[in-house]
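Novice: Dropping in entry.tsv, which is TSV, C-alpha atoms:
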chain	number	residue	atom	x	y	z
A	1	MET	CA	295.52	-214.53	126.44
A	2	GLY	CA	294.08	-212.92	129.55
A	3	GLN	CA	294.19	-216.27	131.22
A	4	ALA	CA	297.88	-216.62	130.43
A	5	ILE	CA	298.60	-213.17	131.86
A	6	ALA	CA	296.65	-214.02	135.00
A	7	PHE	CA	298.48	-217.31	135.34
A	8	TYR	CA	301.91	-215.76	135.03
A	9	THR	CA	301.04	-212.97	137.46
A	10	LEU	CA	299.78	-215.48	140.01
A	11	ALA	CA	302.79	-217.69	139.44
A	12	ALA	CA	305.16	-214.80	140.00
A	13	PHE	CA	303.38	-213.87	143.23
A	14	ILE	CA	303.37	-217.46	144.47
A	15	LEU	CA	307.05	-217.96	143.80
A	16	GLY	CA	308.00	-214.60	145.25
A	17	PHE	CA	306.11	-215.21	148.46
A	18	ALA	CA	307.51	-218.72	148.70
A	19	VAL	CA	311.02	-217.31	148.50
A	20	LEU	CA	310.11	-214.77	151.17
A	21	VAL	CA	308.69	-217.53	153.39
A	22	VAL	CA	311.93	-219.48	153.42
A	23	SER	CA	314.24	-216.47	153.50
A	24	THR	CA	312.71	-214.16	156.11
A	25	LYS	CA	314.48	-213.98	159.43
A	26	ASP	CA	311.41	-213.28	161.52
A	27	THR	CA	309.22	-216.35	161.93
A	28	VAL	CA	306.01	-214.35	162.34
A	29	HIS	CA	306.65	-212.56	159.05
A	30	SER	CA	307.34	-215.91	157.47
A	31	VAL	CA	303.95	-217.20	158.60
A	32	LEU	CA	302.24	-214.10	157.23
A	33	PHE	CA	303.95	-214.55	153.87
A	34	LEU	CA	302.75	-218.13	154.00
A	35	VAL	CA	299.15	-216.87	154.29
A	36	LEU	CA	299.60	-214.69	151.21
A	37	ASP	CA	301.15	-217.58	149.34
A	38	PHE	CA	298.20	-219.85	150.17
A	39	LEU	CA	295.74	-217.18	149.08
A	40	PHE	CA	297.47	-216.81	145.73
A	41	VAL	CA	297.49	-220.57	145.31
A	42	ALA	CA	293.73	-220.49	145.96
A	43	ALA	CA	293.38	-217.88	143.22
A	44	LEU	CA	295.34	-220.17	140.93
A	45	TYR	CA	292.89	-222.98	141.73
A	46	VAL	CA	290.01	-220.73	140.69
A	47	LEU	CA	291.85	-220.01	137.46
A	48	LEU	CA	292.32	-223.72	136.87
A	49	GLY	CA	288.61	-224.39	137.28
A	50	ALA	CA	288.56	-225.80	140.80
A	51	PRO	CA	286.58	-223.32	142.91
A	52	PHE	CA	285.68	-225.90	145.54
A	53	LEU	CA	289.32	-226.72	146.14
A	54	ALA	CA	290.08	-223.00	146.29
A	55	ALA	CA	287.52	-222.60	149.06
A	56	ILE	CA	289.03	-225.59	150.86
A	57	GLN	CA	292.46	-224.05	150.47
A	58	VAL	CA	291.38	-220.75	151.99
A	59	LEU	CA	289.46	-222.36	154.83
A	60	VAL	CA	291.88	-225.12	155.80
A	61	TYR	CA	295.26	-223.63	154.95
A	62	ALA	CA	294.90	-219.89	155.24
A	63	GLY	CA	292.34	-220.17	158.02
A	64	GLY	CA	293.24	-223.22	160.03
A	65	ILE	CA	296.80	-224.34	159.57
A	66	VAL	CA	298.24	-220.85	159.59
A	67	VAL	CA	296.45	-219.98	162.82
A	68	LEU	CA	297.96	-223.14	164.27
A	69	TYR	CA	301.40	-222.04	163.11
A	70	LEU	CA	300.93	-218.59	164.56
A	71	PHE	CA	299.91	-220.05	167.90
A	72	VAL	CA	303.00	-222.22	167.99
A	73	VAL	CA	305.25	-219.35	166.93
A	74	MET	CA	303.83	-217.19	169.69
A	75	LEU	CA	304.07	-220.01	172.22
A	76	VAL	CA	307.68	-220.86	171.47
A	77	ASN	CA	308.78	-217.37	172.21
A	78	LEU	CA	311.83	-216.78	170.04
A	79	LYS	CA	314.18	-214.07	171.12
A	80	ARG	CA	312.96	-211.29	168.91
A	81	PRO	CA	314.04	-207.71	169.35
A	82	PRO	CA	311.15	-205.69	170.74
A	83	GLU	CA	310.56	-203.40	167.78
A	84	ALA	CA	306.89	-202.65	168.33
A	85	HIS	CA	305.37	-199.64	170.07
A	86	GLN	CA	307.52	-197.03	168.39
A	87	ASP	CA	304.75	-195.52	166.35
A	88	PRO	CA	301.32	-196.74	167.46
A	89	HIS	CA	299.50	-194.27	165.20
A	90	ARG	CA	300.94	-195.78	162.05
A	91	ARG	CA	299.26	-199.08	162.88
A	92	THR	CA	296.04	-197.28	163.67
A	93	LYS	CA	296.01	-195.50	160.32
A	94	LEU	CA	296.78	-198.72	158.53
A	95	GLY	CA	293.98	-200.46	160.39
A	96	PHE	CA	291.49	-197.75	159.51
A	97	GLY	CA	292.53	-197.88	155.86
A	98	LEU	CA	292.07	-201.62	155.75
A	99	ALA	CA	288.71	-201.39	157.49
A	100	VAL	CA	287.51	-198.80	154.95
A	101	ALA	CA	288.71	-201.01	152.11
A	102	VAL	CA	286.87	-204.04	153.49
A	103	LEU	CA	283.71	-201.97	154.01
A	104	LEU	CA	283.84	-200.69	150.42
A	105	GLU	CA	284.32	-204.21	149.19
A	106	LEU	CA	281.39	-205.52	151.20
A	107	GLY	CA	279.24	-202.69	149.94
A	108	ALA	CA	280.20	-203.41	146.35
A	109	ILE	CA	279.37	-207.08	146.81
A	110	ALA	CA	276.03	-206.24	148.45
A	111	THR	CA	274.99	-203.84	145.69
A	112	TYR	CA	276.08	-206.35	143.07
A	113	GLY	CA	274.01	-209.03	144.77
A	114	MET	CA	271.01	-206.67	145.05
A	115	THR	CA	271.05	-205.57	141.43
A	116	ARG	CA	271.47	-209.05	140.06
A	117	THR	CA	268.32	-211.07	139.92
A	118	GLY	CA	268.77	-214.12	142.03
A	119	SER	CA	269.29	-217.15	139.89
A	120	PRO	CA	267.28	-220.05	141.27
A	121	LEU	CA	269.30	-222.88	142.60
A	122	VAL	CA	268.82	-225.80	140.28
A	123	VAL	CA	268.60	-229.10	142.07
A	124	PRO	CA	270.47	-231.59	139.93
A	125	GLY	CA	268.95	-234.89	139.00
A	126	THR	CA	270.59	-238.04	140.15
A	127	ASN	CA	271.54	-239.20	136.66
A	128	GLY	CA	273.56	-237.52	133.99
A	129	PRO	CA	276.55	-235.23	134.38
A	130	LEU	CA	276.25	-232.93	137.36
A	131	PRO	CA	276.50	-229.22	136.63
A	132	GLY	CA	278.90	-227.60	139.02
A	133	ASN	CA	282.45	-228.32	140.05
A	134	THR	CA	281.51	-228.77	143.70
A	135	GLU	CA	278.78	-231.23	142.80
A	136	GLN	CA	281.12	-233.23	140.60
A	137	VAL	CA	283.83	-233.39	143.23
A	138	GLY	CA	281.34	-234.34	145.92
A	139	TRP	CA	279.84	-236.99	143.67
A	140	LEU	CA	283.26	-238.53	143.15
A	141	LEU	CA	284.09	-238.30	146.84
A	142	TYR	CA	280.97	-240.10	147.95
A	143	THR	CA	280.84	-242.77	145.26
A	144	SER	CA	284.18	-243.91	143.85
A	145	TYR	CA	286.32	-242.64	146.71
A	146	LEU	CA	284.10	-243.34	149.69
A	147	ILE	CA	286.53	-245.64	151.50
A	148	PRO	CA	289.57	-243.32	151.15
A	149	PHE	CA	287.31	-240.51	152.34
A	150	GLU	CA	286.38	-242.40	155.48
A	151	ILE	CA	290.00	-243.39	156.06
A	152	ALA	CA	290.99	-239.73	155.76
A	153	SER	CA	288.41	-238.84	158.40
A	154	MET	CA	289.85	-241.50	160.68
A	155	LEU	CA	293.33	-240.13	160.03
A	156	LEU	CA	292.19	-236.66	161.03
A	157	LEU	CA	290.63	-238.02	164.21
A	158	VAL	CA	293.80	-239.89	165.13
A	159	ALA	CA	295.93	-236.82	164.37
A	160	MET	CA	293.67	-234.66	166.54
A	161	ILE	CA	293.94	-237.02	169.50
A	162	GLY	CA	297.68	-237.39	168.95
A	163	ALA	CA	298.22	-233.65	168.83
A	164	ILE	CA	296.25	-233.18	172.05
A	165	VAL	CA	298.23	-235.91	173.79
A	166	LEU	CA	301.55	-234.51	172.57
A	167	ALA	CA	300.79	-230.94	173.51
A	168	LYS	CA	299.50	-231.79	176.97
A	169	ARG	CA	301.76	-230.56	179.69
A	170	GLU	CA	301.84	-233.82	181.60
A	171	LEU	CA	300.23	-237.12	180.81
B	1	MET	CA	304.15	-227.74	135.77
B	2	LEU	CA	307.13	-225.42	135.87
B	3	LEU	CA	305.49	-223.36	138.60
B	4	SER	CA	304.81	-226.47	140.60
B	5	ALA	CA	308.37	-227.69	140.17
B	6	ALA	CA	309.78	-224.32	141.17
B	7	LEU	CA	307.61	-224.13	144.28
B	8	PHE	CA	308.61	-227.68	145.14
B	9	ILE	CA	312.28	-226.80	144.79
B	10	ILE	CA	311.89	-223.73	146.98
B	11	GLY	CA	310.25	-225.91	149.61
B	12	VAL	CA	313.04	-228.46	149.44
B	13	ILE	CA	315.67	-225.72	149.72
B	14	GLY	CA	313.80	-224.39	152.73
B	15	VAL	CA	313.90	-227.82	154.35
B	16	MET	CA	317.60	-228.17	153.63
B	17	VAL	CA	318.86	-224.73	154.51
B	18	ARG	CA	316.93	-223.37	157.44
B	19	ARG	CA	317.67	-224.46	160.96
B	20	ASN	CA	314.39	-223.34	162.48
B	21	ILE	CA	312.01	-226.27	162.67
B	22	ILE	CA	308.89	-224.12	162.32
B	23	ILE	CA	310.16	-222.75	159.02
B	24	ILE	CA	310.99	-226.28	157.96
B	25	PHE	CA	307.38	-227.25	158.60
B	26	MET	CA	306.21	-224.30	156.54
B	27	SER	CA	308.49	-225.45	153.74
B	28	ILE	CA	306.81	-228.85	153.92
B	29	GLU	CA	303.47	-227.09	153.51
B	30	LEU	CA	304.89	-225.35	150.44
B	31	ILE	CA	305.92	-228.70	149.01
B	32	LEU	CA	302.43	-230.13	149.56
B	33	ASN	CA	300.99	-227.04	147.90
B	34	ALA	CA	303.23	-227.63	144.90
B	35	VAL	CA	301.91	-231.17	144.65
B	36	ASN	CA	298.35	-229.87	144.86
B	37	ILE	CA	298.97	-227.35	142.10
B	38	ASN	CA	300.29	-230.14	139.93
B	39	LEU	CA	297.25	-232.32	140.64
B	40	VAL	CA	294.78	-229.54	139.90
B	41	ALA	CA	296.64	-228.53	136.75
B	42	PHE	CA	296.47	-232.06	135.41
B	43	SER	CA	292.84	-232.27	136.48
B	44	ALA	CA	292.07	-229.18	134.40
B	45	GLN	CA	294.16	-230.43	131.50
B	46	LEU	CA	292.51	-233.85	131.33
B	47	GLN	CA	288.98	-232.65	132.15
B	48	ASN	CA	288.92	-235.13	134.99
B	49	ASN	CA	287.92	-234.31	138.55
B	50	VAL	CA	289.79	-237.16	140.19
B	51	GLY	CA	292.83	-234.93	140.57
B	52	GLN	CA	290.83	-232.48	142.65
B	53	VAL	CA	289.54	-235.29	144.86
B	54	PHE	CA	293.10	-236.41	145.41
B	55	ALA	CA	294.15	-232.85	146.19
B	56	ILE	CA	291.46	-232.74	148.89
B	57	PHE	CA	292.98	-235.86	150.43
B	58	VAL	CA	296.38	-234.20	150.31
B	59	VAL	CA	294.95	-231.19	152.14
B	60	ALA	CA	293.47	-233.44	154.81
B	61	VAL	CA	296.74	-235.27	155.32
B	62	ALA	CA	298.62	-231.94	155.42
B	63	ALA	CA	296.29	-230.69	158.14
B	64	ALA	CA	296.86	-233.84	160.17
B	65	GLU	CA	300.60	-233.59	159.66
B	66	ALA	CA	300.67	-229.95	160.70
B	67	ALA	CA	298.69	-230.63	163.86
B	68	VAL	CA	300.85	-233.54	164.96
B	69	GLY	CA	304.08	-231.83	163.94
B	70	LEU	CA	303.30	-228.66	165.82
B	71	GLY	CA	302.31	-230.72	168.85
B	72	ILE	CA	305.71	-232.39	168.70
B	73	ILE	CA	307.40	-229.00	168.37
B	74	LEU	CA	305.57	-227.76	171.46
B	75	ALA	CA	306.49	-230.84	173.48
B	76	PHE	CA	310.09	-230.57	172.35
B	77	TYR	CA	310.29	-226.87	173.11
B	78	ARG	CA	309.05	-227.50	176.63
B	79	ASN	CA	311.85	-229.97	177.20
B	80	LYS	CA	314.76	-228.26	175.47
B	81	GLU	CA	313.85	-224.56	175.11
B	82	THR	CA	314.98	-224.44	171.51
B	83	VAL	CA	313.64	-224.80	167.98
B	84	ASN	CA	317.02	-225.32	166.40
B	85	ILE	CA	317.26	-228.71	164.75
B	86	ASP	CA	321.00	-228.89	165.29
B	87	GLU	CA	320.31	-229.44	168.96
B	88	MET	CA	317.76	-232.17	168.33
B	89	ASN	CA	319.93	-235.19	168.89
B	90	LEU	CA	317.85	-236.94	171.51
B	91	MET	CA	317.47	-240.09	169.41
B	92	LYS	CA	320.96	-240.04	168.03
B	93	TRP	CA	322.97	-243.09	168.95
Once more with this new file: its structure as C-alpha cells, please.

Specialist:
Amino acid sequence: MGQAIAFYTLAAFILGFAVLVVSTKDTVHSVLFLVLDFLFVAALYVLLGAPFLAAIQVLVYAGGIVVLYLFVVMLVNLKRPPEAHQDPHRRTKLGFGLAVAVLLELGAIATYGMTRTGSPLVVPGTNGPLPGNTEQVGWLLYTSYLIPFEIASMLLLVAMIGAIVLAKREL
Amino acid sequence: MLLSAALFIIGVIGVMVRRNIIIIFMSIELILNAVNINLVAFSAQLQNNVGQVFAIFVVAVAAAEAAVGLGIILAFYRNKETVNIDEMNLMKW
C-alpha cells in the first residue's frame, strides 16, 4: 500500500516536471526542471529495486548530461530579459536556508552512521546467486553482456572524440 | 507502464511542438528516460536483471548522443547565431 502511494506520488512529480520541461519559456529553467525530473526518476528506480541504476541515473544524467546542457545553454546566449539583480538578499537568504538544510541532513546521516554498528562487508563467493543488486548487475555485465559492454565503451570514446571535433572552433 | 507511456508522449510532444533545439534535445532525454523506466519496471516484474543491464546501455548511448548533439548545436550556433530549427535548412534541397 505504502509502495503504491510512493509510486503514484513519484509518478505525479515526474509527469509534472516533464510537462514543465517542455512548456517553460526560459531554457535555463527548463534544464533545472530536467534535473528534478531525473532525480525523481532515480527515486522511482530505487522503488523498483534498482539502486545501482538509480546511482547511475543521478551521476550520469543529473550530474553529467545536465551540466553539459547548462554549459550549452549559457554558451548559446539566448536573448533573455535581464531579470536578475533586483533583490540580491533574497538569493542570499535562500542560499543560507539551503546550506542549513544540507548541513542538518549531513549531520543526521553522520549520527545515523555512528549509532549503527557497521555491518561487515560480505565478500560474495564466486558461485551461487550473488546477494546485492549491484553485484548481480555487474555479474551480468561482465559475463553475458561483455561484448555489448565493450562496444558501448567504444561508442562513448567515439562520441567523445566527435564532440570535441565538432565543438572545436576551427579544425 | 502508463507512467512510462505518458512520459514518452510528453517527450514526443516536446519534440513536435517546440522550436528550440535545446529543448528538443531535452525532450529526447525524456523519451529515453521513459524507455528506461519501462525496462526497469519489467525487470522488477520478472525478477530478471537483464532489463537493468539494458537500461545501463541506454544511459551510455544517451550520454554519447547528448555530447555529440550538443557539439553539433554549438557548431551550428557559431555559424548561424540561432537555435531555431525553422532556420536550419542548410541541407534542404

Novice: Could you name the residues that touch stretch 147-160 of chain A at 12 Å or less, counting all atoms listed in the file, but leaving out those on the same chain fewer than 2 positions away, as a PyMOL selection string?

Specialist: (chain A and resi 138-145+162-167) or (chain B and resi 53-72)

Novice: Which residue gives the smallest distance to A:Leu48 among A:Leu10, A:Met114, A:Val66, A:Ala101, with only C-alpha atoms counted?

Specialist: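 For A:Leu48, the nearest of the given residues is A:Leu10.
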
Novice: To one decimal in Å, tell me the separation between atom CA of A:Thr115 and atom CA of A:Ala99.

Specialist: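 Answer for the atom CA of A:Thr115 to atom CA of A:Ala99 separation: 24.2 Å.
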
Novice: For chain B, which of A:Gly95, A:Phe13, A:Ala6, A:Ile65 is the closest residue, counting only C-alpha atoms?

Specialist: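 Ranking A:Gly95, A:Phe13, A:Ala6, A:Ile65 by distance to chain B, first place goes to A:Ile65.
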
Novice: Around the point (303.8, -220.4, 160.6), in the coordinates given by the file, pick out the residues reaching within 10 Å, counting only C-alpha atoms, and return them as number ranges by chain.

Specialist: A: 21, 27-35, 65-74; B: 22-27, 29, 70

Novice: Can you tell me, as a ChimeraX atom specification, what residues are no more than 8 Å from stretch 36-50 of chain B when counting all atoms listed in the file, ignoring any on the same chain fewer than 6 positions away?

Specialist: /A:41,45,48-50,136-137,140 /B:1,4,58

Novice: Kindly reconstruct stretch 51-84 of chain B with N, CA and C atoms and present the result as a PDB file, in the coordinates of the input.

Specialist:
ATOM      1  N   GLY B  51     291.689-235.656 140.032  1.00  0.00           N
ATOM      2  CA  GLY B  51     292.830-234.930 140.570  1.00  0.00           C
ATOM      3  C   GLY B  51     292.436-234.017 141.715  1.00  0.00           C
ATOM      4  N   GLN B  52     291.276-233.373 141.569  1.00  0.00           N
ATOM      5  CA  GLN B  52     290.830-232.480 142.650  1.00  0.00           C
ATOM      6  C   GLN B  52     290.486-233.273 143.902  1.00  0.00           C
ATOM      7  N   VAL B  53     289.858-234.454 143.702  1.00  0.00           N
ATOM      8  CA  VAL B  53     289.540-235.290 144.860  1.00  0.00           C
ATOM      9  C   VAL B  53     290.821-235.666 145.591  1.00  0.00           C
ATOM     10  N   PHE B  54     291.823-236.032 144.803  1.00  0.00           N
ATOM     11  CA  PHE B  54     293.100-236.410 145.410  1.00  0.00           C
ATOM     12  C   PHE B  54     293.731-235.227 146.127  1.00  0.00           C
ATOM     13  N   ALA B  55     293.599-234.040 145.539  1.00  0.00           N
ATOM     14  CA  ALA B  55     294.150-232.850 146.190  1.00  0.00           C
ATOM     15  C   ALA B  55     293.461-232.602 147.527  1.00  0.00           C
ATOM     16  N   ILE B  56     292.158-232.904 147.605  1.00  0.00           N
ATOM     17  CA  ILE B  56     291.460-232.740 148.890  1.00  0.00           C
ATOM     18  C   ILE B  56     292.045-233.703 149.918  1.00  0.00           C
ATOM     19  N   PHE B  57     292.357-234.928 149.482  1.00  0.00           N
ATOM     20  CA  PHE B  57     292.980-235.860 150.430  1.00  0.00           C
ATOM     21  C   PHE B  57     294.336-235.333 150.884  1.00  0.00           C
ATOM     22  N   VAL B  58     295.073-234.754 149.935  1.00  0.00           N
ATOM     23  CA  VAL B  58     296.380-234.200 150.310  1.00  0.00           C
ATOM     24  C   VAL B  58     296.216-233.104 151.344  1.00  0.00           C
ATOM     25  N   VAL B  59     295.189-232.258 151.167  1.00  0.00           N
ATOM     26  CA  VAL B  59     294.950-231.190 152.140  1.00  0.00           C
ATOM     27  C   VAL B  59     294.639-231.777 153.505  1.00  0.00           C
ATOM     28  N   ALA B  60     293.821-232.837 153.527  1.00  0.00           N
ATOM     29  CA  ALA B  60     293.470-233.440 154.810  1.00  0.00           C
ATOM     30  C   ALA B  60     294.705-233.995 155.508  1.00  0.00           C
ATOM     31  N   VAL B  61     295.536-234.692 154.721  1.00  0.00           N
ATOM     32  CA  VAL B  61     296.740-235.270 155.320  1.00  0.00           C
ATOM     33  C   VAL B  61     297.689-234.159 155.785  1.00  0.00           C
ATOM     34  N   ALA B  62     297.751-233.050 155.012  1.00  0.00           N
ATOM     35  CA  ALA B  62     298.620-231.940 155.420  1.00  0.00           C
ATOM     36  C   ALA B  62     298.140-231.345 156.730  1.00  0.00           C
ATOM     37  N   ALA B  63     296.816-231.239 156.888  1.00  0.00           N
ATOM     38  CA  ALA B  63     296.290-230.690 158.140  1.00  0.00           C
ATOM     39  C   ALA B  63     296.662-231.593 159.302  1.00  0.00           C
ATOM     40  N   ALA B  64     296.510-232.905 159.106  1.00  0.00           N
ATOM     41  CA  ALA B  64     296.860-233.840 160.170  1.00  0.00           C
ATOM     42  C   ALA B  64     298.338-233.733 160.512  1.00  0.00           C
ATOM     43  N   GLU B  65     299.155-233.664 159.458  1.00  0.00           N
ATOM     44  CA  GLU B  65     300.600-233.590 159.660  1.00  0.00           C
ATOM     45  C   GLU B  65     300.980-232.307 160.403  1.00  0.00           C
ATOM     46  N   ALA B  66     300.343-231.204 160.034  1.00  0.00           N
ATOM     47  CA  ALA B  66     300.670-229.950 160.700  1.00  0.00           C
ATOM     48  C   ALA B  66     300.300-230.013 162.175  1.00  0.00           C
ATOM     49  N   ALA B  67     299.122-230.576 162.460  1.00  0.00           N
ATOM     50  CA  ALA B  67     298.690-230.630 163.860  1.00  0.00           C
ATOM     51  C   ALA B  67     299.652-231.459 164.688  1.00  0.00           C
ATOM     52  N   VAL B  68     299.964-232.659 164.194  1.00  0.00           N
ATOM     53  CA  VAL B  68     300.850-233.540 164.960  1.00  0.00           C
ATOM     54  C   VAL B  68     302.250-232.942 165.066  1.00  0.00           C
ATOM     55  N   GLY B  69     302.737-232.394 163.928  1.00  0.00           N
ATOM     56  CA  GLY B  69     304.080-231.830 163.940  1.00  0.00           C
ATOM     57  C   GLY B  69     304.209-230.675 164.899  1.00  0.00           C
ATOM     58  N   LEU B  70     303.210-229.796 164.913  1.00  0.00           N
ATOM     59  CA  LEU B  70     303.300-228.660 165.820  1.00  0.00           C
ATOM     60  C   LEU B  70     303.162-229.116 167.264  1.00  0.00           C
ATOM     61  N   GLY B  71     302.369-230.175 167.495  1.00  0.00           N
ATOM     62  CA  GLY B  71     302.310-230.720 168.850  1.00  0.00           C
ATOM     63  C   GLY B  71     303.676-231.227 169.294  1.00  0.00           C
ATOM     64  N   ILE B  72     304.367-231.904 168.361  1.00  0.00           N
ATOM     65  CA  ILE B  72     305.710-232.390 168.700  1.00  0.00           C
ATOM     66  C   ILE B  72     306.640-231.228 168.972  1.00  0.00           C
ATOM     67  N   ILE B  73     306.530-230.161 168.148  1.00  0.00           N
ATOM     68  CA  ILE B  73     307.400-229.000 168.370  1.00  0.00           C
ATOM     69  C   ILE B  73     307.163-228.424 169.768  1.00  0.00           C
ATOM     70  N   LEU B  74     305.876-228.319 170.136  1.00  0.00           N
ATOM     71  CA  LEU B  74     305.570-227.760 171.460  1.00  0.00           C
ATOM     72  C   LEU B  74     306.165-228.626 172.560  1.00  0.00           C
ATOM     73  N   ALA B  75     305.967-229.942 172.447  1.00  0.00           N
ATOM     74  CA  ALA B  75     306.490-230.840 173.480  1.00  0.00           C
ATOM     75  C   ALA B  75     308.003-230.735 173.549  1.00  0.00           C
ATOM     76  N   PHE B  76     308.637-230.662 172.374  1.00  0.00           N
ATOM     77  CA  PHE B  76     310.090-230.570 172.350  1.00  0.00           C
ATOM     78  C   PHE B  76     310.566-229.257 172.958  1.00  0.00           C
ATOM     79  N   TYR B  77     309.857-228.180 172.608  1.00  0.00           N
ATOM     80  CA  TYR B  77     310.290-226.870 173.110  1.00  0.00           C
ATOM     81  C   TYR B  77     310.182-226.816 174.632  1.00  0.00           C
ATOM     82  N   ARG B  78     309.161-227.500 175.173  1.00  0.00           N
ATOM     83  CA  ARG B  78     309.050-227.500 176.630  1.00  0.00           C
ATOM     84  C   ARG B  78     310.233-228.200 177.271  1.00  0.00           C
ATOM     85  N   ASN B  79     310.743-229.237 176.596  1.00  0.00           N
ATOM     86  CA  ASN B  79     311.850-229.970 177.200  1.00  0.00           C
ATOM     87  C   ASN B  79     313.179-229.270 177.007  1.00  0.00           C
ATOM     88  N   LYS B  80     313.420-228.710 175.810  1.00  0.00           N
ATOM     89  CA  LYS B  80     314.760-228.260 175.470  1.00  0.00           C
ATOM     90  C   LYS B  80     314.900-226.757 175.314  1.00  0.00           C
ATOM     91  N   GLU B  81     313.784-226.018 175.245  1.00  0.00           N
ATOM     92  CA  GLU B  81     313.850-224.560 175.110  1.00  0.00           C
ATOM     93  C   GLU B  81     314.568-224.130 173.841  1.00  0.00           C
ATOM     94  N   THR B  82     314.382-224.847 172.761  1.00  0.00           N
ATOM     95  CA  THR B  82     314.980-224.440 171.510  1.00  0.00           C
ATOM     96  C   THR B  82     314.147-224.958 170.343  1.00  0.00           C
ATOM     97  N   VAL B  83     314.257-224.281 169.193  1.00  0.00           N
ATOM     98  CA  VAL B  83     313.640-224.800 167.980  1.00  0.00           C
ATOM     99  C   VAL B  83     314.700-225.020 166.909  1.00  0.00           C
ATOM    100  N   ASN B  84     315.937-225.115 167.338  1.00  0.00           N
ATOM    101  CA  ASN B  84     317.020-225.320 166.400  1.00  0.00           C
ATOM    102  C   ASN B  84     317.241-226.818 166.208  1.00  0.00           C
TER     103      ASN B  84
END
